[in-house]
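Source file: final36.tsv. Holds: TSV, C-alpha atoms.
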```tsv
chain	number	residue	atom	x	y	z
A	1	MET	CA	173.50	91.27	45.03
A	2	ALA	CA	175.86	88.27	45.10
A	3	LYS	CA	174.35	84.92	45.94
A	4	THR	CA	175.66	83.14	49.01
A	5	CYS	CA	174.82	80.22	51.25
A	6	HIS	CA	171.97	81.02	53.66
A	7	LEU	CA	173.78	79.15	56.46
A	8	CYS	CA	177.55	79.46	56.14
A	9	HIS	CA	177.47	82.71	54.08
A	10	GLY	CA	180.45	81.45	52.10
A	11	ASN	CA	182.67	81.00	55.15
A	12	ASP	CA	182.81	77.21	54.90
A	13	ASP	CA	186.16	75.86	53.71
A	14	ASP	CA	184.43	73.86	50.95
A	15	PHE	CA	182.29	76.75	49.72
A	16	GLN	CA	182.01	77.11	45.96
A	17	GLU	CA	179.58	79.67	44.52
A	18	ALA	CA	179.05	77.37	41.53
A	19	ASP	CA	177.62	74.72	43.89
A	20	LEU	CA	174.84	77.00	45.15
A	21	LYS	CA	171.35	75.60	44.74
A	22	ARG	CA	168.08	77.44	45.34
A	23	CYS	CA	165.69	76.19	48.02
A	24	ALA	CA	162.93	74.33	46.17
A	25	GLY	CA	160.33	75.40	48.71
A	26	CYS	CA	160.57	79.20	48.87
A	27	GLN	CA	162.84	79.84	45.87
A	28	LYS	CA	164.39	82.71	47.83
A	29	VAL	CA	167.54	81.38	49.52
A	30	TYR	CA	170.53	79.31	48.40
A	31	TYR	CA	172.65	76.58	49.96
A	32	CYS	CA	176.10	75.38	49.01
A	33	SER	CA	175.59	71.83	50.24
A	34	THR	CA	172.98	69.36	51.47
A	35	ALA	CA	174.63	69.52	54.89
A	36	CYS	CA	174.09	73.29	55.14
A	37	GLN	CA	170.49	72.98	54.00
A	38	LYS	CA	169.70	70.25	56.53
A	39	GLU	CA	171.34	72.15	59.38
A	40	ASP	CA	169.47	75.35	58.54
A	41	TRP	CA	166.09	73.67	58.03
A	42	VAL	CA	165.28	73.90	61.73
A	43	ARG	CA	165.18	77.68	61.33
A	44	HIS	CA	164.29	78.05	57.67
A	45	ILE	CA	161.10	75.95	57.91
A	46	PHE	CA	159.39	78.97	59.48
A	47	ASP	CA	160.18	81.19	56.47
A	48	CYS	CA	159.78	78.54	53.77
A	49	LYS	CA	156.84	76.62	52.29
A	50	PRO	CA	157.19	73.18	53.93
A	51	ARG	CA	155.33	70.23	52.51
A	52	ARG	CA	153.90	69.40	55.92
A	53	PRO	CA	152.32	71.56	58.63
A	54	ILE	CA	154.68	73.10	61.18
A	55	ASN	CA	154.18	71.42	64.55
A	56	THR	CA	155.31	71.98	68.13
A	57	ALA	CA	158.36	69.74	67.69
A	58	ASP	CA	159.59	72.29	65.13
A	59	TYR	CA	159.23	75.07	67.70
A	60	LEU	CA	161.04	72.89	70.24
A	61	ALA	CA	163.93	72.27	67.82
A	62	LEU	CA	164.13	75.98	66.98
A	63	ALA	CA	164.46	76.86	70.67
A	64	VAL	CA	167.12	74.16	71.13
A	65	HIS	CA	169.22	75.50	68.25
A	66	GLN	CA	168.87	79.03	69.61
A	67	ASN	CA	169.98	77.80	73.06
A	68	LEU	CA	166.71	79.08	74.49
A	69	LEU	CA	163.87	77.58	76.44
A	70	PRO	CA	160.77	77.40	74.24
A	71	GLY	CA	158.37	80.33	74.48
A	72	HIS	CA	155.67	78.96	72.18
A	73	PRO	CA	152.73	78.16	74.54
A	74	GLN	CA	151.58	74.90	72.93
A	75	THR	CA	155.16	73.64	72.71
A	76	CYS	CA	155.59	74.22	76.43
A	77	GLU	CA	152.39	72.27	77.00
A	78	ASP	CA	153.22	69.38	74.65
A	79	TYR	CA	156.75	68.76	75.88
A	80	GLY	CA	156.37	69.16	79.63
A	81	PHE	CA	157.72	72.64	80.32
A	82	ASN	CA	154.40	73.74	81.83
A	83	ARG	CA	154.66	70.92	84.35
A	84	THR	CA	158.03	71.93	85.78
A	85	PHE	CA	157.75	73.69	89.13
A	86	THR	CA	161.12	75.45	89.21
A	87	ALA	CA	163.41	77.22	86.79
A	88	GLU	CA	166.07	74.60	87.55
A	89	ASP	CA	163.77	71.76	86.43
A	90	LYS	CA	162.77	73.71	83.33
A	91	SER	CA	166.44	74.17	82.47
A	92	LYS	CA	167.17	70.45	82.97
A	93	LEU	CA	164.24	69.50	80.76
A	94	GLY	CA	165.62	71.85	78.11
A	95	GLY	CA	169.03	70.19	78.50
A	96	LEU	CA	167.46	66.78	77.90
A	97	TYR	CA	165.98	67.97	74.60
A	98	ILE	CA	169.28	69.64	73.61
A	99	GLY	CA	170.98	66.28	73.99
A	100	LEU	CA	168.24	64.57	72.02
A	101	ILE	CA	168.10	67.05	69.13
A	102	LYS	CA	171.55	68.67	68.84
A	103	VAL	CA	173.82	65.91	70.11
A	104	LEU	CA	171.96	62.73	69.15
A	105	LYS	CA	170.53	64.30	65.98
A	106	ILE	CA	166.94	63.12	66.42
A	107	PRO	CA	164.86	65.13	63.88
A	108	PRO	CA	161.78	67.10	64.98
A	109	LYS	CA	159.58	64.97	62.71
A	110	THR	CA	160.56	61.85	64.68
A	111	ILE	CA	160.02	63.53	68.06
A	112	HIS	CA	156.60	64.72	66.92
A	113	ASP	CA	155.72	61.19	65.85
A	114	TRP	CA	156.80	59.79	69.23
A	115	ARG	CA	154.62	62.28	71.07
A	116	VAL	CA	151.56	61.71	68.87
A	117	ARG	CA	151.86	57.93	69.31
A	118	GLY	CA	152.22	58.33	73.07
A	119	VAL	CA	155.69	56.74	73.23
A	120	LEU	CA	157.84	59.85	73.82
A	121	VAL	CA	159.11	58.73	77.24
A	122	ASP	CA	159.92	55.20	76.07
A	123	GLU	CA	161.70	56.39	72.94
A	124	ILE	CA	163.77	58.95	74.86
A	125	LYS	CA	164.90	56.17	77.18
A	126	ALA	CA	165.66	53.82	74.29
A	127	THR	CA	167.67	56.53	72.49
A	128	TYR	CA	169.81	57.40	75.49
A	129	TYR	CA	170.32	53.76	76.48
A	130	LYS	CA	171.95	53.16	73.08
A	131	ILE	CA	174.95	55.28	74.07
A	132	PRO	CA	177.52	54.56	76.84
A	133	GLU	CA	176.43	55.63	80.30
A	134	ASP	CA	179.31	58.07	80.71
A	135	ARG	CA	178.15	59.94	77.59
A	136	ARG	CA	174.49	60.36	78.52
A	137	GLY	CA	175.06	63.65	80.34
A	138	ARG	CA	173.63	64.87	83.61
A	139	TYR	CA	170.11	65.54	82.39
A	140	PHE	CA	169.17	61.95	81.59
A	141	PRO	CA	169.47	60.77	85.24
A	142	TRP	CA	167.24	63.70	86.22
A	143	PHE	CA	164.75	62.65	83.54
A	144	LEU	CA	164.59	59.09	84.92
A	145	GLN	CA	163.48	60.53	88.26
A	146	ASN	CA	161.03	62.97	86.67
A	147	GLU	CA	159.70	61.17	83.61
A	148	HIS	CA	156.14	61.91	84.77
A	149	ILE	CA	156.70	65.52	83.62
A	150	ILE	CA	156.84	64.36	80.00
A	151	ALA	CA	154.48	61.40	80.45
A	152	GLN	CA	151.70	63.77	81.58
A	153	ALA	CA	152.56	66.56	79.12
A	154	GLY	CA	149.55	67.81	77.21
A	155	GLN	CA	147.16	66.67	79.91
A	156	PRO	CA	145.52	69.61	81.66
A	157	LEU	CA	146.48	70.13	85.28
A	158	SER	CA	143.56	69.51	87.57
A	159	ALA	CA	141.89	72.50	89.13
A	160	GLU	CA	143.08	71.23	92.49
A	161	ALA	CA	146.71	71.04	91.33
A	162	LEU	CA	146.58	74.53	89.83
A	163	TYR	CA	145.00	75.91	93.00
A	164	ASP	CA	147.57	74.18	95.22
A	165	ARG	CA	150.49	75.45	93.13
A	166	ALA	CA	149.28	79.05	92.95
A	167	GLY	CA	148.20	79.05	96.59
A	168	ALA	CA	151.55	77.74	97.79
A	169	MET	CA	153.43	80.42	95.85
A	170	LEU	CA	151.09	83.13	97.13
A	171	VAL	CA	151.37	82.09	100.78
A	172	LYS	CA	155.14	81.69	100.59
A	173	THR	CA	155.58	85.17	99.17
A	174	TRP	CA	153.10	86.72	101.59
A	175	ARG	CA	154.91	85.33	104.61
A	176	PHE	CA	158.33	86.27	103.19
A	177	THR	CA	157.18	89.88	102.83
A	178	GLY	CA	155.93	90.03	106.43
A	179	GLY	CA	152.32	88.91	106.09
A	180	SER	CA	150.50	86.92	108.75
A	181	GLU	CA	150.90	83.14	108.76
A	182	ARG	CA	147.22	82.86	109.63
A	183	ASP	CA	145.99	84.49	106.39
A	184	SER	CA	144.40	82.18	103.81
A	185	PRO	CA	145.14	82.45	100.06
A	186	LYS	CA	141.76	84.13	99.57
A	187	GLU	CA	142.51	86.71	102.27
A	188	ILE	CA	145.99	87.31	100.89
A	189	THR	CA	144.65	87.86	97.36
A	190	ALA	CA	142.14	90.41	98.64
A	191	ALA	CA	144.78	92.19	100.71
A	192	ILE	CA	147.22	92.48	97.78
A	193	ALA	CA	144.46	93.83	95.52
A	194	ARG	CA	144.02	96.73	97.95
A	195	LYS	CA	147.69	97.68	97.79
A	196	PRO	CA	149.05	100.46	95.50
A	197	ASN	CA	150.05	99.32	92.01
A	198	GLU	CA	153.77	99.67	92.76
A	199	GLU	CA	153.48	97.35	95.76
A	200	GLN	CA	151.50	94.84	93.69
A	201	ASP	CA	154.33	94.87	91.12
A	202	CYS	CA	156.89	94.18	93.85
A	203	HIS	CA	154.84	91.34	95.27
A	204	ALA	CA	154.53	89.77	91.81
A	205	LEU	CA	158.31	90.01	91.31
A	206	TYR	CA	158.98	88.48	94.74
A	207	SER	CA	156.66	85.60	93.90
A	208	LEU	CA	158.64	84.83	90.74
A	209	LEU	CA	162.03	85.19	92.42
A	210	LEU	CA	161.10	82.97	95.36
A	211	SER	CA	159.97	80.32	92.87
A	212	GLN	CA	163.36	80.52	91.11
A	213	TRP	CA	161.80	82.25	88.10
A	214	ARG	CA	162.17	85.63	86.47
A	215	PRO	CA	159.73	87.84	84.53
A	216	ALA	CA	159.02	86.75	80.95
A	217	PRO	CA	158.87	89.32	78.11
A	218	ASN	CA	155.07	89.13	78.02
A	219	LEU	CA	154.90	90.64	81.53
A	220	GLY	CA	155.15	94.33	82.31
A	221	LEU	CA	157.58	93.38	85.09
A	222	TRP	CA	160.12	92.49	82.39
A	223	VAL	CA	160.34	96.20	81.58
A	224	TYR	CA	159.58	97.69	85.01
A	225	PHE	CA	162.43	95.88	86.78
A	226	GLY	CA	165.02	96.27	84.04
A	227	PHE	CA	165.11	92.82	82.43
A	228	ALA	CA	164.50	94.49	79.06
A	229	SER	CA	167.97	96.02	79.39
A	230	CYS	CA	169.62	92.59	79.16
A	231	THR	CA	171.14	91.44	75.88
A	232	SER	CA	170.63	87.71	76.45
A	233	GLN	CA	168.80	85.19	78.60
A	234	GLU	CA	172.06	84.64	80.46
A	235	GLU	CA	172.12	88.31	81.45
A	236	GLU	CA	168.49	88.08	82.52
A	237	MET	CA	169.35	85.13	84.75
A	238	GLU	CA	172.27	87.05	86.26
A	239	LEU	CA	170.00	90.01	86.99
A	240	ALA	CA	167.44	87.68	88.57
A	241	VAL	CA	170.16	86.26	90.83
A	242	GLU	CA	171.09	89.80	91.91
A	243	TYR	CA	167.45	90.48	92.73
A	244	GLN	CA	167.25	87.20	94.67
A	245	ARG	CA	170.22	88.31	96.75
A	246	LEU	CA	168.78	91.77	97.26
A	247	ILE	CA	165.41	90.63	98.62
A	248	THR	CA	167.20	88.62	101.33
A	249	MET	CA	169.17	91.71	102.36
A	250	CYS	CA	166.42	94.32	102.60
A	251	THR	CA	162.90	94.59	103.93
A	252	PHE	CA	159.92	94.45	101.60
A	253	LYS	CA	159.13	98.05	102.55
A	254	GLU	CA	162.66	99.15	101.59
A	255	PHE	CA	162.30	97.42	98.24
A	256	CYS	CA	158.88	98.92	97.51
A	257	ASP	CA	160.01	102.41	98.50
A	258	ALA	CA	163.07	102.14	96.25
A	259	TYR	CA	160.95	100.91	93.32
A	260	ARG	CA	158.36	103.65	93.80
A	261	THR	CA	161.00	106.41	93.92
A	262	HIS	CA	163.15	105.00	91.08
A	263	ARG	CA	166.04	104.26	93.45
A	264	LEU	CA	166.42	100.50	93.07
A	265	LEU	CA	170.00	100.85	91.83
A	266	ASP	CA	170.85	102.86	94.95
A	267	LEU	CA	169.40	100.02	97.02
A	268	PHE	CA	171.52	97.49	95.10
A	269	HIS	CA	174.66	99.54	95.75
A	270	SER	CA	173.85	100.10	99.43
A	271	LYS	CA	173.87	96.32	99.92
A	272	GLY	CA	177.16	95.88	98.08
A	273	LEU	CA	175.55	94.43	94.97
A	274	GLN	CA	176.42	95.32	91.39
A	275	GLY	CA	174.09	95.18	88.39
A	276	ASP	CA	174.65	98.60	86.86
A	277	ASN	CA	174.97	99.76	83.26
A	278	ASN	CA	173.56	102.60	81.19
A	279	ARG	CA	170.61	100.57	79.94
A	280	LEU	CA	169.62	99.28	83.36
A	281	ARG	CA	170.11	102.74	84.86
A	282	ASP	CA	167.80	104.20	82.24
A	283	LEU	CA	165.01	101.76	83.11
A	284	LEU	CA	165.35	101.84	86.89
A	285	GLN	CA	166.21	105.50	87.44
A	286	GLY	CA	164.59	107.30	84.51
A	287	ASP	CA	161.64	109.60	85.05
A	288	GLY	CA	159.63	107.74	82.42
A	289	THR	CA	160.02	104.57	80.41
A	290	LYS	CA	161.19	105.21	76.86
A	291	SER	CA	159.08	103.67	74.09
A	292	VAL	CA	162.13	101.82	72.75
A	293	TRP	CA	161.89	99.39	75.66
A	294	TYR	CA	158.29	98.55	74.77
A	295	LEU	CA	159.39	98.12	71.14
A	296	LYS	CA	162.00	95.61	72.30
A	297	GLN	CA	159.45	93.86	74.51
A	298	SER	CA	157.08	93.42	71.59
A	299	ILE	CA	159.81	92.13	69.25
A	300	VAL	CA	161.31	89.73	71.81
A	301	GLN	CA	157.90	88.44	72.87
A	302	GLU	CA	156.84	87.78	69.29
A	303	ASN	CA	160.15	86.08	68.48
A	304	SER	CA	159.91	83.70	71.45
A	305	THR	CA	156.26	82.72	70.98
A	306	LYS	CA	155.93	83.12	67.18
A	307	GLU	CA	152.59	84.81	67.88
A	308	LYS	CA	151.61	88.41	67.21
A	309	SER	CA	152.12	90.79	70.12
A	310	SER	CA	150.35	94.06	70.70
A	311	MET	CA	152.15	97.38	70.40
A	312	SER	CA	151.48	100.52	72.36
A	313	PRO	CA	150.44	103.63	70.41
A	314	ALA	CA	153.78	105.27	71.31
A	315	VAL	CA	155.71	102.41	69.67
A	316	VAL	CA	153.49	102.51	66.58
A	317	VAL	CA	154.13	106.23	66.12
A	318	ASP	CA	157.76	106.49	67.26
A	319	TYR	CA	159.11	103.58	65.21
A	320	GLY	CA	157.22	103.82	61.95
A	321	PHE	CA	154.56	101.13	62.19
A	322	MET	CA	151.93	103.75	61.42
A	323	ASN	CA	153.47	103.92	57.93
A	324	CYS	CA	152.93	100.25	57.14
A	325	ARG	CA	150.36	99.71	54.41
A	326	ASN	CA	149.86	96.00	54.96
A	327	ASP	CA	150.92	93.00	57.06
A	328	SER	CA	153.87	92.31	54.77
A	329	GLU	CA	155.40	95.71	55.51
A	330	ARG	CA	154.77	95.29	59.21
A	331	ARG	CA	156.59	91.96	59.17
A	332	GLN	CA	159.50	93.48	57.25
A	333	LEU	CA	159.82	96.32	59.73
A	334	LYS	CA	159.68	93.91	62.65
A	335	ARG	CA	162.44	91.81	61.09
A	336	VAL	CA	164.64	94.90	60.86
A	337	TYR	CA	164.13	95.72	64.53
A	338	LYS	CA	164.71	92.07	65.48
A	339	ALA	CA	168.03	92.12	63.60
A	340	PHE	CA	168.89	95.33	65.45
A	341	PHE	CA	168.16	93.97	68.92
A	342	ASP	CA	169.98	90.71	68.07
A	343	SER	CA	173.09	92.62	67.01
A	344	ARG	CA	175.92	93.23	69.46
A	345	ASN	CA	176.07	96.78	68.08
A	346	GLY	CA	172.37	97.44	68.65
A	347	ASP	CA	172.07	100.07	71.39
A	348	PRO	CA	168.42	100.71	72.38
A	349	LEU	CA	169.27	104.10	73.89
A	350	ALA	CA	170.99	105.19	70.68
A	351	LEU	CA	167.94	104.00	68.73
A	352	HIS	CA	165.67	106.06	70.99
A	353	GLU	CA	167.85	109.12	70.47
A	354	ALA	CA	167.76	108.60	66.69
A	355	ALA	CA	163.97	108.25	66.81
A	356	MET	CA	163.59	111.51	68.72
A	357	LYS	CA	165.69	113.23	66.05
A	358	GLY	CA	163.78	111.64	63.17
A	359	ASN	CA	166.89	109.73	62.02
A	360	ILE	CA	165.86	106.09	62.51
A	361	HIS	CA	166.84	104.96	59.02
A	362	ASP	CA	170.26	106.63	59.09
A	363	TYR	CA	171.10	105.09	62.46
A	364	LEU	CA	169.73	101.60	61.74
A	365	SER	CA	171.71	101.50	58.50
A	366	THR	CA	174.91	101.58	60.58
A	367	VAL	CA	173.84	98.41	62.44
A	368	VAL	CA	171.55	96.43	60.13
A	369	GLN	CA	172.37	95.54	56.53
A	370	GLY	CA	169.97	95.59	53.59
A	371	LEU	CA	168.17	98.90	54.19
A	372	LYS	CA	169.03	100.62	50.90
A	373	ASP	CA	165.52	100.10	49.50
A	374	PRO	CA	163.76	103.52	49.62
A	375	LYS	CA	160.77	101.72	51.12
A	376	PHE	CA	162.60	101.48	54.44
A	377	GLN	CA	163.14	105.23	54.50
A	378	ARG	CA	159.40	105.66	54.14
A	379	LEU	CA	158.61	103.07	56.79
A	380	MET	CA	160.99	104.58	59.33
A	381	LYS	CA	159.69	108.12	59.19
A	382	ASN	CA	158.11	109.56	62.33
A	383	PRO	CA	156.85	113.00	63.48
A	384	TYR	CA	160.14	113.92	65.14
A	385	PRO	CA	161.82	116.17	65.88
A	386	LEU	CA	158.77	118.05	67.10
A	387	PRO	CA	158.67	121.74	66.11
A	388	ASP	CA	159.40	124.39	68.71
A	389	TRP	CA	156.32	126.35	69.68
```

When written as structure tokens, how does the structure in this file appear?
Amino acid sequence: MAKTCHLCHGNDDDFQEADLKRCAGCQKVYYCSTACQKEDWVRHIFDCKPRRPINTADYLALAVHQNLLPGHPQTCEDYGFNRTFTAEDKSKLGGLYIGLIKVLKIPPKTIHDWRVRGVLVDEIKATYYKIPEDRRGRYFPWFLQNEHIIAQAGQPLSAEALYDRAGAMLVKTWRFTGGSERDSPKEITAAIARKPNEEQDCHALYSLLLSQWRPAPNLGLWVYFGFASCTSQEEEMELAVEYQRLITMCTFKEFCDAYRTHRLLDLFHSKGLQGDNNRLRDLLQGDGTKSVWYLKQSIVQENSTKEKSSMSPAVVVDYGFMNCRNDSERRQLKRVYKAFFDSRNGDPLALHEAAMKGNIHDYLSTVVQGLKDPKFQRLMKNPYPLPDW
């Protein structure tokens, strides 16, 4: 296999194969220039053998370069994301770090040092004040009004603050869905617990939507309400906006009935709203949830948090994880599926169909490169198609 640059893949105008140098850490990848190696280090550090421990600033930088909000729990704690009360504030905080890391080129090592020394807020100010005011962007003024979010990052929220935040969300949602204004948070919690599971799901979704949030991949709601059908965070946000419009146009009972009878798309259309494609239709109108959606949930969740996620037995059987002999093979198989879901050509419904026909390897080979090793054929075997009785 021809060697190529791990970052530019030989597409850079100055690329010369003779200039390729092997990464001294992992000895597995090559770079055509110091510039390519430095730019790729934000991502490659997680696959390499760095000389220092990986820290939460590295996870923050990775999220920034992926144009994502961080999903790693400790990173969210260390850099203030857990202290934002709305999705808008979380997005603005992310924008501040994008400016700091991508635009102003502050390395993760420096940001980590600022945080450890307790001077993160002061150094962010000093860095932005060095550039002209008209080039500081719109997130820095927001930061000056909300610097307490970062200043108090890493400090546990008091029990009173947590109770007040959760209670306020609970009461707001309860009243929005028609509950009594006289009910206390304790009474509301007890009342919701007595409701059918489908109604509890709807209440949980309403609570997120009314707080300007959307379900995260670690929640079942991410699958139940179709967010797993989206191909990007932008699509997820668009779907959340459609749901936010819908809940202002229908009663809570209408919404719950539509969810329970798999007719949410019909409810969307009856209110003049869009949000329809084959993937979303499969999740919201199908008789049962296909295991491919839980496979995607597991892969996306693990990619965003960098922590192992659990897999349902159906996923383990349907997509070959039962064939893995060790953790190394499991990681390799997960990387293949990640590459599939990241690809524009990766169709989850086509993957499900291939799995049910026992043709996972043949289908994946049309989307993902590097599957010629016979090992992948072994890993991707499953019991299908089932014999006729």

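The closest residue to Ala354 in chain A, picked from A:Tyr59, A:Tyr319, A:Phe176, A:Tyr31 and counting only C-alpha atoms, is A:Tyr319.
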
Counting all atoms listed in the file, what is within 12 Å of Asn55 in chain A, bar same-chain residues fewer than 5 positions away, as a ChimeraX atom specification?
/A:42,45-46,50,60-62,72,74-75,78-79,108-113,115-116

Contacts of Arg344 in chain A at 12 Å (all atoms listed in the file; same-chain gap of 5+ positions) as a VMD selection string
chain A and resid 230 to 232 338 to 339 367 to 368

What is the CA of Ala204 in chain A to CA of Leu349 in chain A distance in Å?
27.3 Å

Distance of CA of Gly358 in chain A from CA of Leu284 in chain A, expressed in Å to one decimal place:
25.7 Å

Quick one: residues within 12 Å of Thr251 in chain A, only C-alpha atoms, excluding same-chain residues fewer than 3 positions away - as a list in words?
Phe176, Thr177, Gly178, Cys202, Tyr206, Leu246, Ile247, Thr248, Glu254, Phe255, Cys256, Asp257, Ala258, Leu267 and Lys271 of chain A

Can I get the selection written as a PDB file, in the coordinates of the input, with C-alpha atoms?
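Final output, part_34.pdb:
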```
ATOM      1  CA  PHE A 176     158.330  86.270 103.190  1.00  0.00           C
ATOM      2  CA  THR A 177     157.180  89.880 102.830  1.00  0.00           C
ATOM      3  CA  GLY A 178     155.930  90.030 106.430  1.00  0.00           C
ATOM      4  CA  CYS A 202     156.890  94.180  93.850  1.00  0.00           C
ATOM      5  CA  TYR A 206     158.980  88.480  94.740  1.00  0.00           C
ATOM      6  CA  LEU A 246     168.780  91.770  97.260  1.00  0.00           C
ATOM      7  CA  ILE A 247     165.410  90.630  98.620  1.00  0.00           C
ATOM      8  CA  THR A 248     167.200  88.620 101.330  1.00  0.00           C
ATOM      9  CA  GLU A 254     162.660  99.150 101.590  1.00  0.00           C
ATOM     10  CA  PHE A 255     162.300  97.420  98.240  1.00  0.00           C
ATOM     11  CA  CYS A 256     158.880  98.920  97.510  1.00  0.00           C
ATOM     12  CA  ASP A 257     160.010 102.410  98.500  1.00  0.00           C
ATOM     13  CA  ALA A 258     163.070 102.140  96.250  1.00  0.00           C
ATOM     14  CA  LEU A 267     169.400 100.020  97.020  1.00  0.00           C
ATOM     15  CA  LYS A 271     173.870  96.320  99.920  1.00  0.00           C
TER      16      LYS A 271
END
```

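Note that the spacing between CA of Gly137 in chain A and CA of Thr34 in chain A amounts to 29.5 Å.
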
Compile the contact shell of range 239-244 of chain A as number ranges by chain: residues with an atom at most 8 Å away, counting all atoms listed in the file, same-chain residues fewer than 4 positions apart removed.
A: 209-210, 213-214, 227, 235, 248, 273-275

Counting all atoms listed in the file, the option among A:Arg331, A:Lys186, A:Arg175, A:Lys253 closest to Glu199 in chain A
A:Lys253

Name the residues in contact with Lys105 in chain A at a cut-off of 12 Å, using all atoms listed in the file, excluding same-chain residues fewer than 6 positions from it; report them as a list in words.
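Close residues of Lys105 in chain A: Lys38, Glu39, Val42, Ala61, Val64, His65, Tyr97, Ile98, Gly99, Ile111, Thr127 and Tyr128 of chain A.
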
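With all atoms listed in the file as the atoms that count, the minimum distance from Arg325 in chain A to the choices A:Glu198, A:His262, A:Ala57, A:Leu379 is reached by A:Leu379.
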
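If all atoms listed in the file are the atoms counted, then among A:Lys296, A:Lys125, A:Lys21, A:Arg260 the closest residue to Cys36 in chain A is A:Lys21.
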
Shortest interatomic distance to Phe225 in chain A - which of A:Val317, A:Ala168, A:Ala190, A:Leu264, counting all atoms listed in the file:
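Of all the options, A:Leu264 lies closest to Phe225 in chain A.
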
Counting only C-alpha atoms, which of A:Gln297, A:Gly272, A:Thr189, A:Thr261 gets nearest to Val223 in chain A?
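Smallest separation from Val223 in chain A among the options: A:Gln297.
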